[in-house]
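S.K.: Got a structure for you, data_23.txt, holding compact mmCIF, C-alpha atoms.
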```
# COMPACT_ATOMS: atom_id res chain seq x y z
CA MET A 18 -31.96 3.72 -12.99
CA ARG A 19 -31.13 1.58 -9.99
CA GLU A 20 -29.45 3.20 -6.99
CA PRO A 21 -26.05 1.78 -6.00
CA SER A 22 -26.04 -0.48 -2.99
CA PRO A 23 -25.23 1.37 0.22
CA LEU A 24 -21.91 0.62 1.86
CA ARG A 25 -22.12 -1.83 4.71
CA ALA A 26 -21.58 -0.45 8.20
CA ALA A 27 -18.69 -2.85 8.70
CA GLU A 28 -16.82 -4.72 6.00
CA PRO A 29 -14.08 -7.12 7.03
CA PHE A 30 -11.14 -7.70 4.70
CA ASP A 31 -8.47 -10.36 4.81
CA ILE A 32 -5.12 -8.57 4.99
CA ALA A 33 -3.26 -11.69 6.21
CA GLY A 34 -4.72 -13.78 3.37
CA ALA A 35 -3.71 -11.20 0.75
CA ASN A 36 -0.25 -11.00 2.30
CA ALA A 37 0.16 -14.81 2.16
CA ARG A 38 -1.06 -15.02 -1.47
CA LEU A 39 1.31 -12.26 -2.59
CA ALA A 40 4.28 -13.70 -0.69
CA ALA A 41 3.66 -17.10 -2.35
CA ALA A 42 3.50 -15.35 -5.75
CA ASN A 43 6.85 -13.60 -5.05
CA GLY A 44 5.24 -10.18 -4.63
CA GLY A 45 2.59 -7.89 -6.08
CA TYR A 46 -0.35 -5.70 -5.08
CA GLU A 47 -3.88 -6.78 -4.14
CA VAL A 48 -6.80 -4.46 -3.36
CA VAL A 49 -8.63 -5.61 -0.21
CA HIS A 50 -11.17 -2.75 -0.03
CA ARG A 51 -12.43 -0.09 -2.42
CA SER A 52 -15.09 2.52 -1.72
CA PRO A 53 -15.71 6.00 -3.18
CA GLY A 54 -13.18 7.72 -0.92
CA LEU A 55 -10.75 4.98 0.02
CA GLU A 56 -8.67 2.13 -1.33
CA LEU A 57 -6.77 -0.33 0.86
CA GLY A 58 -4.32 -2.77 -0.59
CA VAL A 59 -1.53 -5.09 0.39
CA TYR A 60 1.79 -4.59 -1.39
CA VAL A 61 4.53 -7.23 -1.13
CA LEU A 62 8.03 -6.66 -2.47
CA VAL A 63 10.67 -9.40 -2.62
CA ALA A 64 14.31 -8.61 -3.47
CA PRO A 65 15.92 -8.45 -5.93
CA GLU A 66 12.75 -7.25 -7.68
CA PRO A 67 12.83 -3.42 -7.62
CA ASP A 68 9.91 -1.23 -6.59
CA ARG A 69 8.70 0.28 -9.86
CA GLN A 70 6.12 2.69 -8.42
CA GLN A 71 5.37 5.95 -10.15
CA PRO A 72 3.90 9.01 -8.39
CA HIS A 73 0.21 8.57 -7.56
CA GLU A 74 -2.70 10.99 -7.96
CA ASP A 75 -3.83 10.31 -4.38
CA ASP A 76 -2.40 10.87 -0.91
CA GLU A 77 -1.38 7.57 0.64
CA VAL A 78 -0.22 6.01 3.87
CA TYR A 79 2.03 2.96 4.04
CA VAL A 80 1.88 0.76 7.16
CA LEU A 81 4.68 -1.79 7.33
CA LEU A 82 3.23 -5.19 8.21
CA GLU A 83 6.44 -7.23 7.90
CA GLY A 84 10.08 -6.59 7.14
CA ARG A 85 12.24 -3.49 7.11
CA GLY A 86 13.57 -1.19 4.43
CA THR A 87 13.87 2.36 3.25
CA LEU A 88 11.29 4.49 1.48
CA GLU A 89 12.81 7.18 -0.73
CA VAL A 90 10.43 10.14 -0.99
CA GLU A 91 11.50 13.09 -3.15
CA GLY A 92 15.17 12.32 -2.42
CA GLU A 93 14.67 11.89 1.35
CA ASN A 94 15.16 8.47 2.97
CA VAL A 95 12.72 7.19 5.58
CA GLU A 96 13.85 4.07 7.47
CA LEU A 97 10.92 1.75 8.19
CA ARG A 98 10.40 -1.43 10.16
CA GLU A 99 7.40 -3.51 11.17
CA GLY A 100 4.74 -1.34 12.81
CA HIS A 101 5.94 1.94 11.27
CA ALA A 102 3.76 4.07 9.01
CA VAL A 103 4.55 6.92 6.65
CA PHE A 104 2.46 9.47 4.73
CA VAL A 105 3.28 10.21 1.07
CA PRO A 106 1.51 13.16 -0.57
CA ALA A 107 -0.09 12.89 -4.00
CA GLY A 108 2.40 13.42 -6.82
CA ALA A 109 5.54 12.70 -4.74
CA ASP A 110 8.21 10.57 -6.39
CA HIS A 111 8.77 7.58 -4.09
CA ARG A 112 9.89 3.96 -3.96
CA PHE A 113 11.05 1.31 -1.51
CA VAL A 114 14.75 0.39 -1.53
CA GLY A 115 17.09 -1.63 0.67
CA TYR A 116 14.71 -4.47 1.51
CA GLU A 117 14.74 -8.25 1.36
CA GLN A 118 10.99 -8.70 1.68
CA LEU A 119 8.39 -6.12 2.67
CA SER A 120 4.67 -6.48 3.30
CA VAL A 121 2.87 -3.16 3.37
CA LEU A 122 -0.72 -2.08 3.93
CA VAL A 123 -1.38 0.76 1.49
CA ILE A 124 -4.17 3.27 2.20
CA PHE A 125 -5.15 5.63 -0.62
CA GLU A 126 -7.43 8.61 -0.05
CA LYS A 127 -9.69 8.85 -3.12
CA TRP A 128 -11.67 12.04 -2.39
CA ARG A 129 -11.74 14.63 -5.13
CA PRO A 130 -12.42 18.33 -4.45
```
Could you show the structure in this file as structure tokens?

M.R.:
Amino acid sequence: MREPSPLRAAEPFDIAGANARLAAANGGYEVVHRSPGLELGVYVLVAPEPDRQQPHEDDEVYVLLEGRGTLEVEGENVELREGHAVFVPAGADHRFVGYEQLSVLVIFEKWRP
């Protein structure tokens, strides 16, 4: 059996390119990096399309790249604008509301105990 390739010491990923592709496609999600313990993606939402997220099995951090809006987390509203970040624990009900267009870097922790 062949051993998996080791992870590179540094792996660049094109967040701006993913953001541009998703904005041109009127929104969506694109993974820009995946490794055993981590997933990074770019999520673009364009109104009036609603955020249809369901609770995730992994802790996550959202970093707002562009836009402004509100993230509802378990009934609590968190106002966000460009440069803000927010942590959402695994299993929490959450979704973005009150936006025109948002571009978000999504960081999922994938470690399992």

S.K.: For A:Ala41, which residue out of A:Phe125, A:Gln118, A:Gly100, A:Pro67 is the nearest one, using all atoms listed in the file?

M.R.: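 Selected residue with least distance to A:Ala41: A:Gln118.
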
S.K.: Need to verify the contact set: A:Gln70, 10 Å, all atoms listed in the file, exclusion of same-chain residues closer than 5 positions in sequence. Can you return it as a count of residues only?

M.R.: 4

S.K.: Might you pull out every residue within 12 Å of A:Gly34, with all atoms listed in the file counted and same-chain residues fewer than 3 positions away left off, and present them as a ChimeraX atom specification?

M.R.: /A:30-31,37-41,47-49,58-59,120

S.K.: Identify which of the residues A:Leu88, A:Ala64, A:His101, A:Ala42 lies closest to A:Leu122, counting only C-alpha atoms when measuring atom-to-atom distances.

M.R.: A:His101

S.K.: What does the structure give for the distance between atom CA of A:Leu57 and atom CA of A:Ile32, in Å to one decimal?

M.R.: 9.4 Å

S.K.: Have a look at atom CA of A:Tyr60 and atom CA of A:Gly45 and let me know their distance in Å, one decimal.

M.R.: 5.8 Å

S.K.: Fewer than 4 positions away in the same chain doesn't count, so skip those; otherwise give me all residues within 7 Å of A:Arg85, counting only C-alpha atoms, as a CSV table (one decimal) with C-alpha atoms, in the coordinates of the input.

M.R.:
```csv
chain,number,residue,atom,x,y,z
A,97,LEU,CA,10.9,1.8,8.2
A,98,ARG,CA,10.4,-1.4,10.2
A,99,GLU,CA,7.4,-3.5,11.2
A,116,TYR,CA,14.7,-4.5,1.5
A,119,LEU,CA,8.4,-6.1,2.7
```

S.K.: Just how far from atom CA of A:Leu62 is atom CA of A:Glu91, in Å to one decimal?

M.R.: 20.1 Å
